[in-house]
Structure formats: C-alpha cells, structure tokens
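Next up, model_35.pdb (PDB, C-alpha atoms):
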ATOM      1  CA  MET A 335     -16.006 -18.492 -10.185
ATOM      2  CA  LYS A 336     -13.177 -21.019  -9.697
ATOM      3  CA  LEU A 337     -12.086 -20.490 -13.314
ATOM      4  CA  ILE A 338     -11.757 -16.752 -12.701
ATOM      5  CA  ARG A 339      -9.630 -17.350  -9.599
ATOM      6  CA  VAL A 340      -7.370 -19.726 -11.511
ATOM      7  CA  ILE A 341      -6.810 -17.120 -14.221
ATOM      8  CA  GLN A 342      -6.015 -14.467 -11.608
ATOM      9  CA  VAL A 343      -3.470 -16.629  -9.794
ATOM     10  CA  LEU A 344      -1.811 -17.606 -13.098
ATOM     11  CA  LEU A 345      -1.484 -13.973 -14.039
ATOM     12  CA  LEU A 346      -0.090 -13.037 -10.626
ATOM     13  CA  MET A 347       2.580 -15.717 -11.032
ATOM     14  CA  GLY A 348       3.686 -14.248 -14.332
ATOM     15  CA  VAL A 349       2.573 -17.133 -16.548
ATOM     16  CA  ALA A 350       3.408 -16.464 -20.189
ATOM     17  CA  ALA A 351       0.697 -14.360 -21.810
ATOM     18  CA  SER A 352       0.697 -16.540 -24.900
ATOM     19  CA  ILE A 353      -0.300 -19.591 -22.837
ATOM     20  CA  VAL A 354      -3.178 -17.754 -21.184
ATOM     21  CA  LEU A 355      -4.289 -16.489 -24.571
ATOM     22  CA  ALA A 356      -4.200 -19.972 -26.077
ATOM     23  CA  ILE A 357      -6.183 -21.524 -23.225
ATOM     24  CA  PHE A 358      -8.754 -18.841 -22.513
ATOM     25  CA  GLY A 359      -8.890 -16.810 -25.745
ATOM     26  CA  ALA A 360      -8.362 -13.554 -23.880
ATOM     27  CA  THR A 361      -6.691 -10.384 -25.084
ATOM     28  CA  VAL A 362      -3.426 -10.213 -23.148
ATOM     29  CA  GLN A 363      -0.741  -7.601 -22.658
ATOM     30  CA  SER A 364       2.243  -9.968 -22.863
ATOM     31  CA  ASP A 365       4.936  -7.864 -21.233
ATOM     32  CA  ASP A 366       2.798  -7.031 -18.169
ATOM     33  CA  GLY A 367       1.192 -10.397 -17.536
ATOM     34  CA  PHE A 368      -2.461  -9.410 -17.138
ATOM     35  CA  CYS A 369      -5.578  -9.285 -19.264
ATOM     36  CA  THR A 370      -6.459  -5.948 -20.792
ATOM     37  CA  ASP A 371      -8.234  -4.400 -23.722
ATOM     38  CA  THR A 372      -5.451  -3.433 -26.124
ATOM     39  CA  THR A 373      -7.638  -0.745 -27.666
ATOM     40  CA  SER A 374      -7.412   1.274 -24.446
ATOM     41  CA  LYS A 375      -3.690   0.753 -23.791
ATOM     42  CA  GLU A 376      -2.637   4.325 -24.571
ATOM     43  CA  LYS A 377      -5.383   5.852 -22.458
ATOM     44  CA  LEU A 378      -4.851   3.686 -19.369
ATOM     45  CA  ASN A 379      -1.093   4.079 -18.830
ATOM     46  CA  LEU A 380      -0.980   0.438 -17.827
ATOM     47  CA  PRO A 381       0.681  -0.697 -14.593
ATOM     48  CA  GLU A 382       3.721  -2.929 -14.515
ATOM     49  CA  SER A 383       4.126  -6.584 -13.537
ATOM     50  CA  PHE A 384       5.035  -8.164 -10.229
ATOM     51  CA  ASP A 385       8.332  -9.320 -11.708
ATOM     52  CA  GLU A 386       9.425  -5.723 -12.308
ATOM     53  CA  CYS A 387       8.819  -4.866  -8.649
ATOM     54  CA  ASN A 388      10.373  -8.091  -7.407
ATOM     55  CA  THR A 389      13.694  -7.583  -9.184
ATOM     56  CA  ARG A 390      14.309  -4.129  -7.737
ATOM     57  CA  LYS A 391      16.459  -3.877  -4.616
ATOM     58  CA  GLY A 392      15.656  -1.879  -1.516
ATOM     59  CA  MET A 393      12.985  -1.505   1.154
ATOM     60  CA  LYS A 394       9.575  -2.027  -0.434
ATOM     61  CA  PHE A 395       6.520  -0.206   0.908
ATOM     62  CA  ILE A 396       3.268  -1.339  -0.699
ATOM     63  CA  HIS A 397      -0.337  -0.234  -0.310
ATOM     64  CA  LEU A 398      -3.621  -1.738  -1.404
ATOM     65  CA  ASN A 399      -7.230  -0.820  -0.757
ATOM     66  CA  ILE A 400      -8.179  -4.471  -0.431
ATOM     67  CA  ASN A 401     -11.935  -4.006   0.092
ATOM     68  CA  SER A 402     -12.264  -6.722   2.783
ATOM     69  CA  VAL A 403      -9.233  -8.860   3.533
ATOM     70  CA  TYR A 404     -10.873 -11.836   5.273
ATOM     71  CA  PRO A 405     -11.784 -14.569   4.514
ATOM     72  CA  ASN A 406     -11.698 -14.410   0.703
ATOM     73  CA  LYS A 407      -8.439 -12.557   0.027
ATOM     74  CA  ILE A 408      -5.991 -13.512   2.767
ATOM     75  CA  SER A 409      -4.497 -16.409   0.749
ATOM     76  CA  GLU A 410      -3.754 -14.141  -2.220
ATOM     77  CA  LEU A 411      -2.298 -11.510   0.101
ATOM     78  CA  ARG A 412       0.031 -14.105   1.617
ATOM     79  CA  PHE A 413       1.129 -15.085  -1.878
ATOM     80  CA  ILE A 414       1.935 -11.458  -2.739
ATOM     81  CA  ALA A 415       3.893 -11.107   0.516
ATOM     82  CA  GLN A 416       5.890 -14.232  -0.294
ATOM     83  CA  GLN A 417       6.705 -13.043  -3.816
ATOM     84  CA  LEU A 418       7.630  -9.438  -3.040
ATOM     85  CA  ASN A 419       8.952  -9.742   0.540
ATOM     86  CA  PRO A 420       8.136  -6.076   1.283
ATOM     87  CA  THR A 421       9.135  -4.110   4.358
ATOM     88  CA  ILE A 422       5.565  -2.851   4.849
ATOM     89  CA  ILE A 423       2.202  -4.042   3.551
ATOM     90  CA  ALA A 424      -0.294  -1.236   4.172
ATOM     91  CA  LEU A 425      -3.960  -2.158   3.747
ATOM     92  CA  THR A 426      -7.004   0.092   3.715
ATOM     93  CA  GLU A 427     -10.684  -0.862   3.837
ATOM     94  CA  THR A 428      -9.823  -4.102   5.610
ATOM     95  CA  LYS A 429     -13.418  -4.399   6.894
ATOM     96  CA  LEU A 430     -12.341  -6.545   9.832
ATOM     97  CA  THR A 431     -14.409  -7.028  12.957
ATOM     98  CA  ALA A 432     -13.448  -8.192  16.433
ATOM     99  CA  ASP A 433     -14.534 -11.777  15.734
ATOM    100  CA  VAL A 434     -11.648 -12.163  13.243
ATOM    101  CA  THR A 435      -8.520 -13.082  15.207
ATOM    102  CA  ASP A 436      -4.961 -12.025  14.442
ATOM    103  CA  ASN A 437      -4.085 -15.676  13.814
ATOM    104  CA  GLU A 438      -6.617 -15.853  10.989
ATOM    105  CA  ILE A 439      -4.967 -12.992   9.116
ATOM    106  CA  GLU A 440      -1.316 -13.540  10.035
ATOM    107  CA  ILE A 441       1.316 -13.639   7.297
ATOM    108  CA  SER A 442       4.420 -15.772   7.649
ATOM    109  CA  GLY A 443       7.547 -13.642   7.936
ATOM    110  CA  PHE A 444       5.652 -10.625   9.297
ATOM    111  CA  HIS A 445       4.845  -9.340  12.761
ATOM    112  CA  PRO A 446       1.244  -9.701  13.966
ATOM    113  CA  PRO A 447      -0.960  -7.135  12.161
ATOM    114  CA  VAL A 448      -1.310  -3.680  13.693
ATOM    115  CA  ARG A 449      -5.062  -3.362  13.331
ATOM    116  CA  GLN A 450      -7.505  -0.526  13.483
ATOM    117  CA  ASP A 451     -10.894  -2.048  12.721
ATOM    118  CA  ARG A 452     -14.194  -0.444  11.931
ATOM    119  CA  SER A 453     -16.859  -2.725  10.431
ATOM    120  CA  ARG A 454     -17.717  -4.701   7.332
ATOM    121  CA  SER A 455     -19.667  -1.718   6.043
ATOM    122  CA  GLY A 456     -16.340  -0.090   5.252
ATOM    123  CA  GLY A 457     -13.093   1.249   6.597
ATOM    124  CA  GLY A 458     -10.299  -0.210   8.641
ATOM    125  CA  VAL A 459      -6.530   0.171   8.202
ATOM    126  CA  LEU A 460      -3.763  -2.329   8.843
ATOM    127  CA  PRO A 461       0.013  -2.272   8.379
ATOM    128  CA  TYR A 462       1.991  -5.521   8.334
ATOM    129  CA  VAL A 463       5.696  -5.115   9.203
ATOM    130  CA  ASN A 464       8.323  -7.548   7.943
ATOM    131  CA  SER A 465       9.695  -9.518  10.907
ATOM    132  CA  LYS A 466      13.312  -8.652  10.041
ATOM    133  CA  TYR A 467      12.626  -5.127  11.323
ATOM    134  CA  ASP A 468      11.962  -3.884  14.847
ATOM    135  CA  PHE A 469       9.119  -1.400  15.178
ATOM    136  CA  LYS A 470       6.862   0.306  17.666
ATOM    137  CA  GLU A 471       3.313   1.542  17.362
ATOM    138  CA  HIS A 472       3.101   5.326  17.254
ATOM    139  CA  ASN A 473      -0.069   5.734  19.276
ATOM    140  CA  ASP A 474       0.490   9.432  19.926
ATOM    141  CA  ILE A 475      -0.033  10.229  16.225
ATOM    142  CA  SER A 476      -3.540  10.163  14.809
ATOM    143  CA  ILE A 477      -5.544  11.741  12.009
ATOM    144  CA  ASN A 478      -8.780  10.039  13.035
ATOM    145  CA  ARG A 479     -11.360  12.753  12.449
ATOM    146  CA  ASN A 480     -14.624  12.950  10.513
ATOM    147  CA  GLY A 481     -14.265   9.347   9.367
ATOM    148  CA  ILE A 482     -10.570   9.435   8.455
ATOM    149  CA  GLU A 483      -8.773   6.374   9.830
ATOM    150  CA  SER A 484      -5.029   6.087  10.385
ATOM    151  CA  GLN A 485      -2.346   3.937  11.958
ATOM    152  CA  PHE A 486       1.289   4.950  12.477
ATOM    153  CA  ILE A 487       4.408   2.971  13.328
ATOM    154  CA  ASP A 488       8.137   3.654  13.658
ATOM    155  CA  ILE A 489      10.617   1.280  12.021
ATOM    156  CA  LYS A 490      13.767   1.184  14.164
ATOM    157  CA  PHE A 491      17.340   0.619  12.985
ATOM    158  CA  LYS A 492      20.681  -0.160  14.631
ATOM    159  CA  SER A 493      21.968   3.301  13.783
ATOM    160  CA  ASN A 494      19.098   4.874  15.798
ATOM    161  CA  HIS A 495      17.597   6.064  12.533
ATOM    162  CA  GLN A 496      13.859   5.596  12.252
ATOM    163  CA  ILE A 497      11.208   5.838   9.559
ATOM    164  CA  THR A 498       7.674   6.781  10.532
ATOM    165  CA  VAL A 499       5.153   4.964   8.353
ATOM    166  CA  GLY A 500       1.491   5.950   8.250
ATOM    167  CA  VAL A 501      -1.505   4.211   6.702
ATOM    168  CA  ILE A 502      -4.497   6.474   6.027
ATOM    169  CA  TYR A 503      -7.995   5.867   4.705
ATOM    170  CA  ARG A 504     -10.084   8.914   3.841
ATOM    171  CA  PRO A 505     -13.680   7.999   2.816
ATOM    172  CA  ASP A 506     -15.077   9.720  -0.251
ATOM    173  CA  ASP A 507     -17.784  11.365   1.865
ATOM    174  CA  ASN A 508     -15.281  12.684   4.390
ATOM    175  CA  ALA A 509     -16.017  16.151   5.755
ATOM    176  CA  THR A 510     -12.466  17.055   6.787
ATOM    177  CA  SER A 511     -11.520  20.307   5.111
ATOM    178  CA  ALA A 512      -8.403  20.736   3.020
ATOM    179  CA  GLY A 513      -7.009  23.091   5.662
ATOM    180  CA  GLU A 514      -7.501  20.599   8.490
ATOM    181  CA  LEU A 515      -5.810  17.829   6.533
ATOM    182  CA  GLU A 516      -2.917  20.107   5.595
ATOM    183  CA  GLN A 517      -2.363  21.070   9.220
ATOM    184  CA  SER A 518      -2.300  17.439  10.356
ATOM    185  CA  LEU A 519       0.086  16.255   7.639
ATOM    186  CA  ASN A 520       2.405  19.261   7.896
ATOM    187  CA  GLY A 521       3.210  18.343  11.477
ATOM    188  CA  LEU A 522       4.278  14.862  10.420
ATOM    189  CA  PHE A 523       6.480  15.811   7.502
ATOM    190  CA  ASN A 524       8.300  18.550   9.384
ATOM    191  CA  LYS A 525       9.920  15.974  11.678
ATOM    192  CA  HIS A 526      12.049  12.946  10.737
ATOM    193  CA  GLU A 527      11.753  10.687   7.690
ATOM    194  CA  THR A 528       8.119   9.823   7.004
ATOM    195  CA  ILE A 529       6.307   7.715   4.417
ATOM    196  CA  ILE A 530       2.504   7.829   4.230
ATOM    197  CA  LEU A 531       0.492   5.375   2.146
ATOM    198  CA  GLY A 532      -3.257   5.210   1.706
ATOM    199  CA  ASP A 533      -6.500   5.760  -0.126
ATOM    200  CA  PHE A 534      -7.401   9.436   0.037
ATOM    201  CA  ASN A 535     -10.351   9.341  -2.381
ATOM    202  CA  SER A 536      -8.949  12.498  -3.933
ATOM    203  CA  ASP A 537      -8.122  12.380  -7.629
ATOM    204  CA  GLN A 538      -4.719  13.962  -8.175
ATOM    205  CA  ASN A 539      -5.543  14.538 -11.839
ATOM    206  CA  ASP A 540      -8.452  16.831 -10.992
ATOM    207  CA  PRO A 541      -7.156  20.438 -11.058
ATOM    208  CA  LYS A 542     -10.177  21.638  -9.043
ATOM    209  CA  ASN A 543      -9.586  19.187  -6.203
ATOM    210  CA  SER A 544      -8.748  21.105  -3.020
ATOM    211  CA  ILE A 545      -7.226  18.045  -1.338
ATOM    212  CA  ALA A 546      -4.893  17.574  -4.302
ATOM    213  CA  SER A 547      -3.713  21.158  -3.868
ATOM    214  CA  VAL A 548      -2.890  20.364  -0.223
ATOM    215  CA  PHE A 549      -0.464  17.644  -1.270
ATOM    216  CA  ARG A 550       1.287  20.051  -3.623
ATOM    217  CA  SER A 551       1.837  22.502  -0.768
ATOM    218  CA  LEU A 552       3.243  20.002   1.743
ATOM    219  CA  PRO A 553       6.969  19.620   2.509
ATOM    220  CA  ALA A 554       6.686  16.191   0.872
ATOM    221  CA  THR A 555       6.447  14.580  -2.558
ATOM    222  CA  GLN A 556       3.453  12.619  -3.832
ATOM    223  CA  LEU A 557       5.026   9.715  -5.756
ATOM    224  CA  ILE A 558       2.130   8.044  -7.578
ATOM    225  CA  LYS A 559       1.235   9.418 -11.011
ATOM    226  CA  ASP A 560      -0.505   6.474 -12.748
ATOM    227  CA  ILE A 561      -4.146   5.457 -12.459
ATOM    228  CA  THR A 562      -4.907   3.530  -9.256
ATOM    229  CA  ARG A 563      -8.629   2.873  -9.681
ATOM    230  CA  GLN A 564     -10.424   2.102 -12.945
ATOM    231  CA  THR A 565     -14.184   1.830 -13.481
ATOM    232  CA  GLU A 566     -16.337   1.920 -16.600
ATOM    233  CA  ASP A 567     -16.715   5.678 -16.234
ATOM    234  CA  THR A 568     -13.650   6.897 -14.333
ATOM    235  CA  ALA A 569      -9.877   6.576 -14.150
ATOM    236  CA  THR A 570      -8.500   8.205 -11.006
ATOM    237  CA  VAL A 571      -5.300   8.578  -9.002
ATOM    238  CA  ILE A 572      -6.530   8.245  -5.413
ATOM    239  CA  ASP A 573      -4.193   5.671  -3.807
ATOM    240  CA  LEU A 574      -1.158   7.715  -2.901
ATOM    241  CA  ILE A 575       2.304   7.568  -1.356
ATOM    242  CA  LEU A 576       3.892  10.667   0.165
ATOM    243  CA  THR A 577       7.390  11.098   1.590
ATOM    244  CA  ASN A 578       9.562  13.936   2.812
ATOM    245  CA  ARG A 579      12.704  12.113   1.632
ATOM    246  CA  HIS A 580      11.958  11.668  -2.061
ATOM    247  CA  HIS A 581      15.682  11.567  -2.876
ATOM    248  CA  CYS A 582      15.828   8.257  -0.959
ATOM    249  CA  ILE A 583      13.190   6.670  -3.214
ATOM    250  CA  SER A 584      14.611   4.800  -6.200
ATOM    251  CA  HIS A 585      11.307   3.783  -7.788
ATOM    252  CA  SER A 586       7.538   3.980  -7.397
ATOM    253  CA  SER A 587       4.724   2.562  -9.491
ATOM    254  CA  VAL A 588       1.369   0.780  -9.711
ATOM    255  CA  ILE A 589       0.480  -2.908 -10.154
ATOM    256  CA  ARG A 590      -2.861  -4.468 -11.108
ATOM    257  CA  THR A 591      -3.611  -7.275  -8.611
ATOM    258  CA  PHE A 592      -7.246  -8.382  -9.173
ATOM    259  CA  LEU A 593      -7.839  -8.375  -5.403
ATOM    260  CA  SER A 594     -10.094  -5.306  -5.526
ATOM    261  CA  ASP A 595     -11.180  -2.467  -7.789
ATOM    262  CA  HIS A 596      -8.041  -0.583  -6.732
ATOM    263  CA  PHE A 597      -4.518  -1.203  -7.992
ATOM    264  CA  MET A 598      -1.546  -1.786  -5.716
ATOM    265  CA  THR A 599       0.866   1.122  -5.259
ATOM    266  CA  TYR A 600       4.433   0.830  -4.041
ATOM    267  CA  CYS A 601       7.714   2.623  -3.584
ATOM    268  CA  ILE A 602      11.239   1.349  -3.073
ATOM    269  CA  ARG A 603      13.570   3.098  -0.677
ATOM    270  CA  ASN A 604      17.311   2.909  -1.174
ATOM    271  CA  GLN A 605      18.973   0.990   1.601
ATOM    272  CA  THR A 606      22.566   1.253   2.807
ATOM    273  CA  LYS A 607      22.963  -2.024   4.614
ATOM    274  CA  SER A 608      25.528  -0.818   7.143
ATOM    275  CA  LYS A 609      23.290   2.043   8.252
ATOM    276  CA  LEU A 610      19.709   0.905   7.710
ATOM    277  CA  GLU A 611      19.529  -2.629   8.974
ATOM    278  CA  GLY A 612      16.934  -4.359  11.082
ATOM    279  CA  THR A 613      18.041  -6.052  14.283
ATOM    280  CA  THR A 614      19.411  -9.500  13.392
ATOM    281  CA  ASN A 615      21.264 -10.634  16.520
ATOM    282  CA  THR A 616      18.143 -10.789  18.670
ATOM    283  CA  PRO A 617      14.543 -11.742  17.831
ATOM    284  CA  PRO A 618      12.464  -8.769  16.593
ATOM    285  CA  LYS A 619      10.170  -7.217  19.148
ATOM    286  CA  THR A 620       6.954  -5.254  18.862
ATOM    287  CA  ILE A 621       7.024  -2.348  21.294
ATOM    288  CA  LYS A 622       3.994  -0.272  22.209
ATOM    289  CA  TYR A 623       4.099   3.206  23.689
TER
END

What is this structure when it is put down as structure tokens?
Amino acid sequence: MKLIRVIQVLLLMGVAASIVLAIFGATVQSDDGFCTDTTSKEKLNLPESFDECNTRKGMKFIHLNINSVYPNKISELRFIAQQLNPTIIALTETKLTADVTDNEIEISGFHPPVRQDRSRSGGGVLPYVNSKYDFKEHNDISINRNGIESQFIDIKFKSNHQITVGVIYRPDDNATSAGELEQSLNGLFNKHETIILGDFNSDQNDPKNSIASVFRSLPATQLIKDITRQTEDTATVIDLILTNRHHCISHSSVIRTFLSDHFMTYCIRNQTKSKLEGTTNTPPKTIKY
C-alpha cells in the first residue's frame, strides 16, 4: 500500500515518466505524468498534468469528488492546494461527520472550510476559499431537495463586484426531476456572475439524459467536455462546471489525481487585477448572513 502511495505522490509532483518507468516497469504517458494504458489513449481523451494548470494565470476554481476527505486524503489535498494555489477548492462526497473538527481538515492559506456534512455513508459538500479573498456564506440560496446537497458563497472584491460560487452534489439515485433542477438553476444564472461546480451524476455524453438537456437550456455554459469518471465498464462526464460568464473563462479541463475514482475538474477565470482584487490592506474576514 505504501508503494502505491509513493508512486501517486511522485506522479503528482511531475516526476519524469522515464524514471517512473525505469523503477516500476509501468506503462507511462510521459507528457502527462501519470500511468495509463497506451492502447486506450485515443478512446480516453486523457486529462492534462498539474504543471499545465499551474502555469496558467487567473483565478482557479477546482472541483473534486473526493470520496471521503478525512483522514486518508487531507495530506494529498493540502499538497494540491499548495501546488495550484486556487481561488476555490470545491469538494463533493466529503463524508465528514461532526466528530471531525475544522482544525483537522484546515488548509494553510485558506479560510476555515464552509462545511455541509451528511455522513460517512455518502454525501457532503465543502468549499475552501483562498484567504486572499473576502467572502460570505450565501445561506439564502439552497438546492437541498431529494438528496441534492449544495453550498453557496459570494466572493467579494474592492470594486463591489462579486462572484457567486456554488458546490452541488446530486446522488445518482436522486429523484429531483429535470424540470425542478432547471427551475432552481435558472434563478441563479439570471442574476450576477455565477460559477457552479459539482458532481451531478448525469452523463453529458448521453443524448437521452434529461438532466443533460437541462444544462443545454440554461442561460449558462457547461465547460467540461472530457471524461471525469472512468471505470472498467463506463467513461462518463458527470463532474461539471457551469458559468453564465463563459467569455471570462480562459481555460477549463480535467486532471487525473488518484485521490478517488473521479478526476479533478477546473476552470480559470481571467482576472483584471485593478478591478478583481481581494482585500489586501486588512485581514480577510468570513461574513455570514
């Protein structure tokens, strides 16, 4: 088990593929920095490396269905946060319970986590906000129905501009109809700038999927096109990012992280420093409604 963890950390750090191949005899995709079966390269539309994300400039919003964050994955998550320095880390299926304290899952350089816990049997959403930005919890927004879980925040800027960020987890057995979901999301996207990240358990490549048709009808753009979850039998696009300001997004993609059976998704928002800047003269504050 330790050997597997060592390999994963080496790959996350971008160690040369040739070295990993020489030591472990694995088949490696050298320009992406992770193990893969080269015979399936064309079919999988392979995700890019951490380095590619790290070199791009702008506000980074990342999402991962982490499938239980504590205790086994918090160290790796902190490493990812240190490498990418994102604006938002949005987690779904955190599987946290009340006995896990905020201190045990804190990340240096980020505000205390904004938790919505369920249980270790599944569920739970959690956004981390980079401490360079002021924000407030948006407790008057919720899509918590029929098992859907959500958490919303507003990132505040000196110019009085704000970005509403939502994290949503929709279980695969969720009974919410396509119409109900459309009504809830329409209300969000018809206001100011909004970015929603999450696991919707709705394959965007399935033409018969009614939830997928909802996203196409919204006043927003669904950014993720590559596979986000791979099993022996399926390859699906279910971890999504939606925004009503797609012209502000310079890049979006998918990264394999080894932390769960889902891949990490992210988008990068263009940032004009003079207009979109977190408060720097005073310590950041977390404000609740």

- Counting only C-alpha atoms, figure out which residue out of A:Gln450, A:Ser493, A:Gln416, A:Thr577 gets nearest to Thr431 of chain A.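 The answer is A:Gln450, which sits nearest to Thr431 of chain A.
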
Can you list what the PyMOL selection byres ((chain A and resi 459) around 9) grabs from this structure, as a JSON list (two decimals) with C-alpha atoms, in the frame of the given file?
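Below you can see out_33.json, which holds the result:
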[["chain", "number", "residue", "atom", "x", "y", "z"],
["A", 424, "ALA", "CA", -0.29, -1.24, 4.17],
["A", 425, "LEU", "CA", -3.96, -2.16, 3.75],
["A", 426, "THR", "CA", -7.00, 0.09, 3.72],
["A", 427, "GLU", "CA", -10.68, -0.86, 3.84],
["A", 428, "THR", "CA", -9.82, -4.10, 5.61],
["A", 429, "LYS", "CA", -13.42, -4.40, 6.89],
["A", 448, "VAL", "CA", -1.31, -3.68, 13.69],
["A", 449, "ARG", "CA", -5.06, -3.36, 13.33],
["A", 450, "GLN", "CA", -7.50, -0.53, 13.48],
["A", 451, "ASP", "CA", -10.89, -2.05, 12.72],
["A", 452, "ARG", "CA", -14.19, -0.44, 11.93],
["A", 457, "GLY", "CA", -13.09, 1.25, 6.60],
["A", 458, "GLY", "CA", -10.30, -0.21, 8.64],
["A", 460, "LEU", "CA", -3.76, -2.33, 8.84],
["A", 461, "PRO", "CA", 0.01, -2.27, 8.38],
["A", 483, "GLU", "CA", -8.77, 6.37, 9.83],
["A", 484, "SER", "CA", -5.03, 6.09, 10.38],
["A", 485, "GLN", "CA", -2.35, 3.94, 11.96],
["A", 501, "VAL", "CA", -1.50, 4.21, 6.70],
["A", 502, "ILE", "CA", -4.50, 6.47, 6.03],
["A", 503, "TYR", "CA", -8.00, 5.87, 4.70],
["A", 532, "GLY", "CA", -3.26, 5.21, 1.71]]

Written as a PDB file with C-alpha atoms, in the frame of the given file, which residues does the PyMOL selection byres ((chain A and resi 549) around 12) give for the file shown?
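Just written: result-v5.pdb:
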ATOM      1  CA  ALA A 512      -8.403  20.736   3.020  1.00  0.00           C
ATOM      2  CA  GLY A 513      -7.009  23.091   5.662  1.00  0.00           C
ATOM      3  CA  LEU A 515      -5.810  17.829   6.533  1.00  0.00           C
ATOM      4  CA  GLU A 516      -2.917  20.107   5.595  1.00  0.00           C
ATOM      5  CA  GLN A 517      -2.363  21.070   9.220  1.00  0.00           C
ATOM      6  CA  SER A 518      -2.300  17.439  10.356  1.00  0.00           C
ATOM      7  CA  LEU A 519       0.086  16.255   7.639  1.00  0.00           C
ATOM      8  CA  ASN A 520       2.405  19.261   7.896  1.00  0.00           C
ATOM      9  CA  PHE A 523       6.480  15.811   7.502  1.00  0.00           C
ATOM     10  CA  ILE A 530       2.504   7.829   4.230  1.00  0.00           C
ATOM     11  CA  PHE A 534      -7.401   9.436   0.037  1.00  0.00           C
ATOM     12  CA  SER A 536      -8.949  12.498  -3.933  1.00  0.00           C
ATOM     13  CA  ASP A 537      -8.122  12.380  -7.629  1.00  0.00           C
ATOM     14  CA  GLN A 538      -4.719  13.962  -8.175  1.00  0.00           C
ATOM     15  CA  ASN A 543      -9.586  19.187  -6.203  1.00  0.00           C
ATOM     16  CA  SER A 544      -8.748  21.105  -3.020  1.00  0.00           C
ATOM     17  CA  ILE A 545      -7.226  18.045  -1.338  1.00  0.00           C
ATOM     18  CA  ALA A 546      -4.893  17.574  -4.302  1.00  0.00           C
ATOM     19  CA  SER A 547      -3.713  21.158  -3.868  1.00  0.00           C
ATOM     20  CA  VAL A 548      -2.890  20.364  -0.223  1.00  0.00           C
ATOM     21  CA  ARG A 550       1.287  20.051  -3.623  1.00  0.00           C
ATOM     22  CA  SER A 551       1.837  22.502  -0.768  1.00  0.00           C
ATOM     23  CA  LEU A 552       3.243  20.002   1.743  1.00  0.00           C
ATOM     24  CA  PRO A 553       6.969  19.620   2.509  1.00  0.00           C
ATOM     25  CA  ALA A 554       6.686  16.191   0.872  1.00  0.00           C
ATOM     26  CA  THR A 555       6.447  14.580  -2.558  1.00  0.00           C
ATOM     27  CA  GLN A 556       3.453  12.619  -3.832  1.00  0.00           C
ATOM     28  CA  LEU A 557       5.026   9.715  -5.756  1.00  0.00           C
ATOM     29  CA  ILE A 558       2.130   8.044  -7.578  1.00  0.00           C
ATOM     30  CA  ILE A 572      -6.530   8.245  -5.413  1.00  0.00           C
ATOM     31  CA  LEU A 574      -1.158   7.715  -2.901  1.00  0.00           C
ATOM     32  CA  ILE A 575       2.304   7.568  -1.356  1.00  0.00           C
ATOM     33  CA  LEU A 576       3.892  10.667   0.165  1.00  0.00           C
ATOM     34  CA  THR A 577       7.390  11.098   1.590  1.00  0.00           C
ATOM     35  CA  ASN A 578       9.562  13.936   2.812  1.00  0.00           C
TER      36      ASN A 578
END

- Item | Top pick for closest residue to Asn508 of chain A, considering A:Asn535, A:Asn388, A:Gln496, A:Asn524 and counting only C-alpha atoms |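 Of the candidates, the smallest distance to Asn508 of chain A is held by A:Asn535.
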
- Message: Evaluated on this file, the PyMOL selection byres ((chain A and resi 395) around 8) picks out some residues - which ones are they, written as a list in words?
- Response: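 Evaluating the PyMOL selection byres ((chain A and resi 395) around 8) on these coordinates yields Met393, Lys394, Ile396, His397, Pro420, Thr421, Ile422, Ile423, Ala424, Tyr600, Cys601, Ile602 and Arg603 of chain A.
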
- segment 567-569 of chain A environment, 10 Å, all atoms listed in the file, sequence neighbours closer than 2 positions dropped, as a ChimeraX atom specification: /A:377-378,537,539,560-565,571-572

Save the residues we just selected, C-alpha atoms, as a PDB file, in the frame of the given file?
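Everything below was put into selection-v3.pdb:
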ATOM      1  CA  LYS A 377      -5.383   5.852 -22.458  1.00  0.00           C
ATOM      2  CA  LEU A 378      -4.851   3.686 -19.369  1.00  0.00           C
ATOM      3  CA  ASP A 537      -8.122  12.380  -7.629  1.00  0.00           C
ATOM      4  CA  ASN A 539      -5.543  14.538 -11.839  1.00  0.00           C
ATOM      5  CA  ASP A 560      -0.505   6.474 -12.748  1.00  0.00           C
ATOM      6  CA  ILE A 561      -4.146   5.457 -12.459  1.00  0.00           C
ATOM      7  CA  THR A 562      -4.907   3.530  -9.256  1.00  0.00           C
ATOM      8  CA  ARG A 563      -8.629   2.873  -9.681  1.00  0.00           C
ATOM      9  CA  GLN A 564     -10.424   2.102 -12.945  1.00  0.00           C
ATOM     10  CA  THR A 565     -14.184   1.830 -13.481  1.00  0.00           C
ATOM     11  CA  VAL A 571      -5.300   8.578  -9.002  1.00  0.00           C
ATOM     12  CA  ILE A 572      -6.530   8.245  -5.413  1.00  0.00           C
TER      13      ILE A 572
END

- Message: With all atoms listed in the file as the counted atoms, please give the residues lying no more than 12 Å from His472 of chain A, apart from itself and same-chain residues fewer than 3 positions off, as a PyMOL selection string.
- Response: chain A and resi 448+469+475-477+484-490+496-501+522+620-623

- Hey, can you check how far atom CA of Ile529 of chain A sits from atom CA of Ile408 of chain A?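 Separation between atom CA of Ile529 of chain A and atom CA of Ile408 of chain A: 24.6 Å.
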
- Item | Shortest interatomic distance to Phe491 of chain A - which of A:Asp385, A:Glu566, A:Asp468, A:Glu527, counting all atoms listed in the file | A:Asp468

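Distance annotation: of A:Gly443, A:Gly521, A:Gly392, A:Pro541, the residue with the minimal separation from Asn464 of chain A is A:Gly443; atom set is only C-alpha atoms.
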
- Message: Just to confirm, what's the straight-line distance from atom CA of Ile400 of chain A to atom CA of Phe444 of chain A in Å (one decimal)?
- Response: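 The value is 18.0 Å.
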
- What is the atom CA of His585 of chain A to atom CA of Glu386 of chain A distance in Å?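 For atom CA of His585 of chain A relative to atom CA of Glu386 of chain A, the distance reads 10.7 Å.
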
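Of the listed residues A:Thr435, A:Lys559, A:Asn473, A:Asn604, the one whose atoms come nearest to Val588 of chain A is A:Lys559, with distances taken using all atoms listed in the file.
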
- Between A:Ser511, A:Asn406, A:Asn494, A:Ser594, which has the minimum distance to His526 of chain A (counting all atoms listed in the file)?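 Of the candidates, the smallest distance to His526 of chain A is held by A:Asn494.
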